[in-house]
Amino acid sequence: MGAVPSTPRWGGSSSAARPLDTAEYLISTFIGDESFPISSDFWYKLLELPLNLQWPPHRVHEACQALARNNYHTRHLAKILIHMAWCLQESISTSSGAPSLVYVKAVNAVYISSVFLKYFIENEKGDKIEDLYLSLDESEPIPTDITKDLNVEDFVMHSVLSFIGSIDVSPDTYLLHLELLNFMLIAMSTQLLSGPSPGPEDVNPFIDAAMSQESSLVILVVRKLLLSYITGPSISLNSASYSIYSEGSQPGVLQRVSSAAANLMLLPFNFLASSSSEGSRSLLADCSLHVLLILSHYRKCVVGNEPITDISNDTTASESLLKGSTHFSDNPYCKALEHATDVEFDRVDTEGNAHAGPVLRIPFASLFDALGMYLADEAAALLLYSLLQGNADFLEYVLVRTDLDTLLMPILEALYNAPKRSSNQIYMLLIILLILSQDSSFNASIHKLIVPSVPWYKERLLHQTSLGSLMVITLIRTVQYNLSKLRDVYLHTTCLATLANMAPHVHRLSAYASQRLVSLFDMLSRKYNKLAEMRDNQMRLVKGNSIEGNGLADDTSTEMHIYTDFLRLVLEILNAILTYALPRNPEVIYAIMHRQEVFQPFRNHPRFNELLENIYTVLDFFNSRMDAHNVDGEWSVEKVLQVIIINCRSWRGEGMKMFTQLRFTYEQESHPEEFFIPYLWQLVLSRW
C-alpha cells in the first residue's frame, strides 16, 4: 500500500508514464480529457481492478472537478452509469455463490458513479440538471445492444430497481445492495435543488425514471425494501469476502470516496436538523426505509393546458388564451403501499373495489412488530403514518390487534420525552394517535389493557395503570409542554381532539389521569384569565388613541378566542365522560368534586355556562349525597370515593343535557408534499 501518492496532473504526460493497469492511471484517465468509447477495454479494466489507493478528501474533490470540466466532451459520467447498469443486469443473471468478478465490477461501478454524481448534483448552477450530460455523443460508435436514443437515466434506474427487486440480500450481495440504496439516495437528491413544493419546471431525471417503471417491478421493489426494513439484515463487511476492497486495516480508495459521497453537506438545503440514531439497527434497514419513503412521497408536477372560457374585457392582448393547469401525476410506489395486503389474509373484496393489476402482499404481523420495536426512529413513525393514513387494510389490522401496547408504548414514551424530539416528530406521533382514536373499538380496548409499570415516567410511580389512562396522562402532559415551550395551536388542537374521541369510551380512568384532566382545565383557564386581563389593559390604551395598543388588543383577542375554544373542548370532554361513562369512572367524579372551585368563575360566562350545567348537575347530586352521609371521624379519600362508588349505582342521569357526541377525524392537507419532502430529506441528511 505504501505512502499516499502525489496528486497526478489529470490527463497530463505524467499519467502516461505510469503502468496502464494501475488504479491511479485508470482513475486519472477516467476524469481526463480523452474520450473513451463505451465499448473500449478501458471500462473493463477500470471496473475489474481492485482499487486500493488511499486518497484524502481534497484529492477526491480535485478528481470530481476534473471530470466536471471534461464531461461535456467525454460523456464519461453517462458511460460509467451505462456500464453500471450492464454490470447489474449481468449480476442478476449470475448464479449465487462466492462474490464473483461480476459483483466486483458492479460494486466498483456503483462506487464511482455515486461519488461523481454526488459532486455534479451538489455543484449544479441553479437547477441545470442537463449539465450532467446523461447522453452519448452523436458521433460516438454505439454497440448493437443499445439504441442511439437510449434514455440513460431510465436504463440505469430500471437496472438498479430490477436488482433490488429480484436479488435477495445475502452475505454475498449485502454490500452491493447497500451501495445501490446509497446511489439511489444520491440520484434522487436532485429534489433538494428545488423548493419544498414541486413545480412544473423541476427536473429530477432519476426519480422521474423510477416513477415510469412497470407496476410489477414497482411492487417487487416496495416488497423488498419493506422486507429489508422488517428483517434488518446486518452483515459485517470486514469478512474475507470483501478483502478486495481493502487490505488489512487500510481502506481502499473507493471506500474512502464512498464515505465522502455519504456526506451531502453542500446541497442547498435549509431544513437540516440533527436526528438521534435511537431506534436504528441496520444500515441496510435504514437506507431501505429512506429510499421507500422518498419514492412513495414524491410528487411529479405536470402541466396540462386548458382553454380559458371566461376572459374579462380588460384582459390584455398579450395574455395567452390557454391557461396552464398543474396537477400531480400518480405515484406508483405510493399506490403500491396503499393497496398492500396481508400475506396471511386472502381477502375477498365484497364491495367490488378490487385493485386492478398485481397487488403487494407483505407480512403485516412482522411489519407491526418491527414498527413497534423501532418507533423511536422518526422514519419509522413516518412509515407507520403513511400506512395508517393510506392503507385501510393495515389500519384495520392494527385496530384488531390485542397487543396495542406494542405500538402505543413507544409513541407515548417519545411524547413524554418531547423536549428531546423534533416538533415534526411530535406532530406525526400525535396524528397517528388521532387516526387510531377515530375507531370506537380502539378507544374501548385501550382501557382494558393494563400496563404493569411505566419505568420512563419519572414524575409519579404508575403501577397497574390502563393503557388508556396512560394515553390521557401523556396527551395532557404534551399540552402542558406545548403551552410553555412550543405554543403551537395545531398541536393543542390535535391533543384535545384525540382526548375528545376517547372521552365517551373512558373506562375506570385512573385517579392520576382524572386529576390531570381537571388540572388541564385549570391550567387553560389561568391562561385565559391572564389574556382577558391583558386585553382589558390594552383596550384602555386603545381608548387613549394608542395605535400600538389597538394592534396588541387585536392580537390578544385572537388568542383569547383560541383559548375559549380550548376550554370549551375540555368541558366537552368532561361532559362526554359524565354523560356516557359516569358509572364507570368514579375517580373522574372525585377529581371534579375535589377541584370544583376551578369551574365557578365560568359558571355564568356566556361561552361556557351551557357546558357547565351538566358538571354542576353531577356536583349537586354527589354533594347532596355526601352531605346526607354520616361518617365517623374525618373524611378521607377512601371514604369519599366509597360514597361516590355507592351512589354511582343509583345515578340515572336525570337533568343531564345531551350534547352531540364529538368525533374528530384526520384529513391530510391538500399539498402534503410541502411538509413531507423537506422532512424526509432532513431525516436522510441527518443520518449521513
# chains A, B, ... in the order shown; residues from 1 in each chain; ligands from 1
$ closest_atom_pairs --of "range 360-476 of chain A" --to "range 481-503 of chain A" --cutoff "8 Å" --atoms "only C-alpha atoms" --output "tab-separated table"
residue	atom	partner	partner_atom	distance
A:Ala418	CA	A:Tyr481	CA	7.9
A:Tyr427	CA	A:Leu491	CA	6.8
A:Leu430	CA	A:Thr494	CA	6.7
A:Ile431	CA	A:Thr494	CA	7.0
A:Leu433	CA	A:Thr498	CA	6.9
A:Leu434	CA	A:Thr498	CA	5.0
A:Ser437	CA	A:Asn501	CA	5.9
A:Gln438	CA	A:Asn501	CA	6.4
A:Ser440	CA	A:Met502	CA	7.8
A:Asn443	CA	A:Met502	CA	5.4
A:Val472	CA	A:Leu499	CA	6.8
A:Leu475	CA	A:Cys495	CA	5.8
A:Ile476	CA	A:Cys495	CA	7.5
$ write_last_selection --atoms "all heavy atoms" --output "short mmCIF file (atom, residue, chain, number, x, y, z; two decimals), in the first residue's frame"
data_model
loop_
_atom_site.label_atom_id
_atom_site.label_comp_id
_atom_site.auth_asym_id
_atom_site.auth_seq_id
_atom_site.Cartn_x
_atom_site.Cartn_y
_atom_site.Cartn_z
N ALA A 418 -40.77 14.79 24.84
CA ALA A 418 -40.94 15.79 23.78
C ALA A 418 -39.79 16.80 23.68
O ALA A 418 -39.42 17.18 22.56
CB ALA A 418 -42.27 16.52 23.97
N TYR A 427 -45.59 16.04 15.93
CA TYR A 427 -46.79 16.14 15.10
C TYR A 427 -47.19 14.78 14.55
O TYR A 427 -48.35 14.38 14.59
CB TYR A 427 -46.56 17.10 13.94
CG TYR A 427 -46.39 18.54 14.32
CD1 TYR A 427 -45.50 19.37 13.63
CD2 TYR A 427 -47.10 19.10 15.37
CE1 TYR A 427 -45.34 20.70 13.98
CE2 TYR A 427 -46.95 20.42 15.73
CZ TYR A 427 -46.06 21.22 15.03
OH TYR A 427 -45.90 22.52 15.38
N LEU A 430 -48.63 12.44 17.19
CA LEU A 430 -49.97 12.86 17.62
C LEU A 430 -51.02 12.56 16.55
O LEU A 430 -52.15 12.17 16.87
CB LEU A 430 -49.97 14.35 17.96
CG LEU A 430 -49.24 14.74 19.24
CD1 LEU A 430 -49.19 16.25 19.40
CD2 LEU A 430 -49.88 14.10 20.47
N ILE A 431 -50.65 12.74 15.29
CA ILE A 431 -51.59 12.43 14.21
C ILE A 431 -51.89 10.94 14.17
O ILE A 431 -53.02 10.52 13.93
CB ILE A 431 -51.02 12.92 12.86
CG1 ILE A 431 -51.03 14.45 12.81
CG2 ILE A 431 -51.84 12.37 11.70
CD1 ILE A 431 -50.29 15.04 11.64
N LEU A 433 -51.96 8.95 16.75
CA LEU A 433 -52.91 8.70 17.84
C LEU A 433 -54.30 9.19 17.46
O LEU A 433 -55.31 8.54 17.77
CB LEU A 433 -52.44 9.39 19.12
CG LEU A 433 -51.16 8.86 19.75
CD1 LEU A 433 -50.83 9.63 21.03
CD2 LEU A 433 -51.27 7.37 20.06
N LEU A 434 -54.38 10.33 16.77
CA LEU A 434 -55.69 10.85 16.34
C LEU A 434 -56.36 9.89 15.36
O LEU A 434 -57.56 9.61 15.47
CB LEU A 434 -55.51 12.23 15.70
CG LEU A 434 -56.79 12.88 15.14
CD1 LEU A 434 -57.85 13.05 16.23
CD2 LEU A 434 -56.47 14.22 14.50
N SER A 437 -57.65 6.97 17.28
CA SER A 437 -58.76 7.30 18.18
C SER A 437 -60.08 7.49 17.44
O SER A 437 -61.13 7.63 18.07
CB SER A 437 -58.44 8.57 18.97
OG SER A 437 -58.51 9.72 18.15
N GLN A 438 -60.03 7.52 16.11
CA GLN A 438 -61.27 7.63 15.34
C GLN A 438 -62.11 6.36 15.41
O GLN A 438 -63.29 6.37 15.06
CB GLN A 438 -60.93 7.94 13.87
CG GLN A 438 -60.34 9.32 13.67
CD GLN A 438 -59.75 9.54 12.29
OE1 GLN A 438 -59.07 10.52 12.04
NE2 GLN A 438 -59.99 8.62 11.37
N SER A 440 -63.96 3.50 17.57
CA SER A 440 -64.52 3.32 18.92
C SER A 440 -64.00 2.06 19.60
O SER A 440 -63.81 2.04 20.82
CB SER A 440 -66.05 3.29 18.85
OG SER A 440 -66.49 2.26 17.98
N ASN A 443 -60.74 2.87 21.22
CA ASN A 443 -60.91 3.64 22.45
C ASN A 443 -61.39 2.78 23.61
O ASN A 443 -61.04 3.03 24.76
CB ASN A 443 -61.91 4.78 22.20
CG ASN A 443 -61.38 5.81 21.22
OD1 ASN A 443 -60.19 6.13 21.23
ND2 ASN A 443 -62.24 6.31 20.34
N VAL A 472 -54.12 9.29 28.24
CA VAL A 472 -54.70 10.55 28.70
C VAL A 472 -53.64 11.38 29.42
O VAL A 472 -53.48 12.59 29.15
CB VAL A 472 -55.91 10.29 29.63
CG1 VAL A 472 -56.36 11.58 30.31
CG2 VAL A 472 -57.06 9.69 28.84
N LEU A 475 -51.02 12.73 26.83
CA LEU A 475 -51.56 13.78 25.96
C LEU A 475 -51.70 15.10 26.72
O LEU A 475 -51.38 16.17 26.20
CB LEU A 475 -52.91 13.36 25.39
CG LEU A 475 -52.87 12.31 24.27
CD1 LEU A 475 -54.27 11.79 23.97
CD2 LEU A 475 -52.24 12.88 23.00
N ILE A 476 -52.16 15.02 27.96
CA ILE A 476 -52.29 16.24 28.77
C ILE A 476 -50.91 16.83 29.07
O ILE A 476 -50.71 18.05 29.02
CB ILE A 476 -53.06 15.94 30.08
CG1 ILE A 476 -54.52 15.60 29.75
CG2 ILE A 476 -52.99 17.12 31.04
CD1 ILE A 476 -55.31 15.10 30.92
#
$ select_by_dssp --residues "range 424-518 of chain A" --states "alpha helix (DSSP H)" --output "JSON, numbers by chain"
{"A": [424, 425, 426, 427, 428, 429, 430, 431, 432, 433, 434, 435, 436, 437, 440, 441, 442, 443, 444, 445, 467, 468, 469, 470, 471, 472, 473, 474, 475, 476, 477, 478, 479, 480, 481, 489, 490, 491, 492, 493, 494, 495, 496, 497, 498, 499, 500, 501, 502, 511, 512, 513, 514, 515, 516, 517, 518]}
$ residues_around --residues "Met157 in chain A" --least-positions-apart "3" --cutoff "12 Å" --atoms "only C-alpha atoms" --output "ChimeraX atom specification"
/A:81-82,84-86,88-89,151-154,160-165,180-181,183-185,187-188,205-214,217-218,221
$ residues_around --residues "range 372-374 of chain A" --least-positions-apart "5" --cutoff "12 Å" --atoms "only C-alpha atoms" --output "VMD selection string"
chain A and resid 229 to 232 277 to 282 285 to 286 289 365 to 367 379 to 384 398 403 to 414
$ write_last_selection --atoms "N, CA, C and O atoms" --output "compact mmCIF listing (two decimals), in the first residue's frame"
# COMPACT_ATOMS: atom_id res chain seq x y z
N TYR A 229 -36.39 -3.69 5.62
CA TYR A 229 -36.63 -2.93 6.85
C TYR A 229 -37.10 -3.84 7.97
O TYR A 229 -36.66 -3.71 9.12
N ILE A 230 -37.99 -4.76 7.66
CA ILE A 230 -38.55 -5.65 8.69
C ILE A 230 -37.48 -6.55 9.28
O ILE A 230 -37.36 -6.69 10.51
N THR A 231 -36.68 -7.18 8.41
CA THR A 231 -35.70 -8.15 8.89
C THR A 231 -34.43 -7.47 9.39
O THR A 231 -33.71 -8.03 10.21
N GLY A 232 -34.15 -6.27 8.88
CA GLY A 232 -32.98 -5.52 9.33
C GLY A 232 -31.68 -6.29 9.23
O GLY A 232 -30.94 -6.37 10.21
N SER A 277 -29.89 8.63 16.51
CA SER A 277 -29.85 7.30 15.89
C SER A 277 -30.60 6.27 16.72
O SER A 277 -30.57 5.10 16.43
N GLU A 278 -31.27 6.75 17.78
CA GLU A 278 -32.04 5.85 18.63
C GLU A 278 -33.08 5.12 17.81
O GLU A 278 -33.77 5.68 16.99
N GLY A 279 -33.21 3.83 18.05
CA GLY A 279 -34.18 3.04 17.33
C GLY A 279 -33.63 2.44 16.06
O GLY A 279 -34.27 1.64 15.40
N SER A 280 -32.40 2.81 15.70
CA SER A 280 -31.80 2.30 14.48
C SER A 280 -31.17 0.94 14.75
O SER A 280 -30.77 0.64 15.84
N ARG A 281 -31.07 0.12 13.71
CA ARG A 281 -30.49 -1.21 13.94
C ARG A 281 -29.59 -1.67 12.83
O ARG A 281 -28.69 -2.45 13.03
N SER A 282 -29.80 -1.24 11.60
CA SER A 282 -29.07 -1.78 10.47
C SER A 282 -28.97 -0.72 9.40
O SER A 282 -29.95 -0.04 9.08
N ALA A 285 -31.35 -1.60 6.64
CA ALA A 285 -32.74 -1.34 7.01
C ALA A 285 -33.04 0.15 6.94
O ALA A 285 -34.09 0.57 6.41
N ASP A 286 -32.14 0.97 7.47
CA ASP A 286 -32.35 2.42 7.44
C ASP A 286 -32.40 2.95 6.01
O ASP A 286 -33.29 3.73 5.65
N LEU A 289 -35.61 1.96 4.19
CA LEU A 289 -36.76 2.75 4.61
C LEU A 289 -36.70 4.16 4.02
O LEU A 289 -37.72 4.69 3.55
N ALA A 365 -47.96 -8.85 10.31
CA ALA A 365 -47.55 -9.14 11.69
C ALA A 365 -46.09 -8.76 11.92
O ALA A 365 -45.74 -8.11 12.92
N SER A 366 -45.22 -9.14 10.99
CA SER A 366 -43.80 -8.80 11.12
C SER A 366 -43.57 -7.30 11.01
O SER A 366 -42.73 -6.74 11.71
N LEU A 367 -44.33 -6.66 10.13
CA LEU A 367 -44.21 -5.21 9.96
C LEU A 367 -44.67 -4.49 11.23
O LEU A 367 -44.03 -3.53 11.69
N ALA A 379 -38.16 8.05 10.98
CA ALA A 379 -38.55 7.47 9.70
C ALA A 379 -39.57 6.35 9.91
O ALA A 379 -40.49 6.16 9.11
N ALA A 380 -39.41 5.58 10.99
CA ALA A 380 -40.37 4.51 11.29
C ALA A 380 -41.75 5.09 11.58
O ALA A 380 -42.78 4.55 11.15
N ALA A 381 -41.78 6.21 12.31
CA ALA A 381 -43.06 6.87 12.58
C ALA A 381 -43.71 7.36 11.28
O ALA A 381 -44.94 7.29 11.12
N LEU A 382 -42.89 7.84 10.35
CA LEU A 382 -43.41 8.29 9.06
C LEU A 382 -44.01 7.12 8.27
O LEU A 382 -45.03 7.27 7.61
N LEU A 383 -43.34 5.97 8.32
CA LEU A 383 -43.87 4.79 7.63
C LEU A 383 -45.20 4.37 8.25
O LEU A 383 -46.17 4.06 7.53
N LEU A 384 -45.26 4.35 9.58
CA LEU A 384 -46.50 3.98 10.25
C LEU A 384 -47.62 4.95 9.89
O LEU A 384 -48.74 4.52 9.59
N VAL A 398 -54.21 -3.23 12.48
CA VAL A 398 -53.70 -2.66 13.73
C VAL A 398 -54.81 -2.57 14.77
O VAL A 398 -54.61 -2.91 15.95
N ASP A 403 -52.55 -6.53 21.26
CA ASP A 403 -51.35 -6.02 21.92
C ASP A 403 -51.00 -4.62 21.41
O ASP A 403 -49.89 -4.36 20.95
N LEU A 404 -51.97 -3.72 21.51
CA LEU A 404 -51.76 -2.36 21.02
C LEU A 404 -50.63 -1.63 21.74
O LEU A 404 -50.11 -0.64 21.23
N ASP A 405 -50.27 -2.12 22.92
CA ASP A 405 -49.16 -1.50 23.64
C ASP A 405 -47.85 -1.60 22.86
O ASP A 405 -46.94 -0.80 23.08
N THR A 406 -47.76 -2.57 21.94
CA THR A 406 -46.56 -2.70 21.11
C THR A 406 -46.28 -1.41 20.35
O THR A 406 -45.13 -0.98 20.22
N LEU A 407 -47.34 -0.78 19.83
CA LEU A 407 -47.18 0.49 19.13
C LEU A 407 -47.31 1.69 20.06
O LEU A 407 -46.57 2.67 19.94
N LEU A 408 -48.27 1.63 20.98
CA LEU A 408 -48.58 2.81 21.76
C LEU A 408 -47.51 3.16 22.79
O LEU A 408 -47.24 4.35 23.02
N MET A 409 -46.89 2.18 23.41
CA MET A 409 -45.90 2.49 24.45
C MET A 409 -44.71 3.29 23.90
O MET A 409 -44.32 4.30 24.50
N PRO A 410 -44.11 2.89 22.77
CA PRO A 410 -43.01 3.73 22.25
C PRO A 410 -43.49 5.11 21.80
O PRO A 410 -42.74 6.09 21.90
N ILE A 411 -44.73 5.21 21.29
CA ILE A 411 -45.26 6.53 20.90
C ILE A 411 -45.42 7.42 22.14
O ILE A 411 -44.99 8.58 22.14
N LEU A 412 -46.00 6.87 23.20
CA LEU A 412 -46.21 7.65 24.41
C LEU A 412 -44.89 8.02 25.08
O LEU A 412 -44.74 9.12 25.61
N GLU A 413 -43.93 7.11 25.03
CA GLU A 413 -42.61 7.42 25.60
C GLU A 413 -41.94 8.56 24.82
O GLU A 413 -41.32 9.46 25.41
N ALA A 414 -42.07 8.53 23.49
CA ALA A 414 -41.48 9.60 22.68
C ALA A 414 -42.16 10.94 22.98
O ALA A 414 -41.49 11.98 23.07
$ residues_around --residues "Leu467 in chain A" --least-positions-apart "4" --cutoff "6 Å" --atoms "only C-alpha atoms" --output "PyMOL selection string"
chain A and resi 446-447+449-450
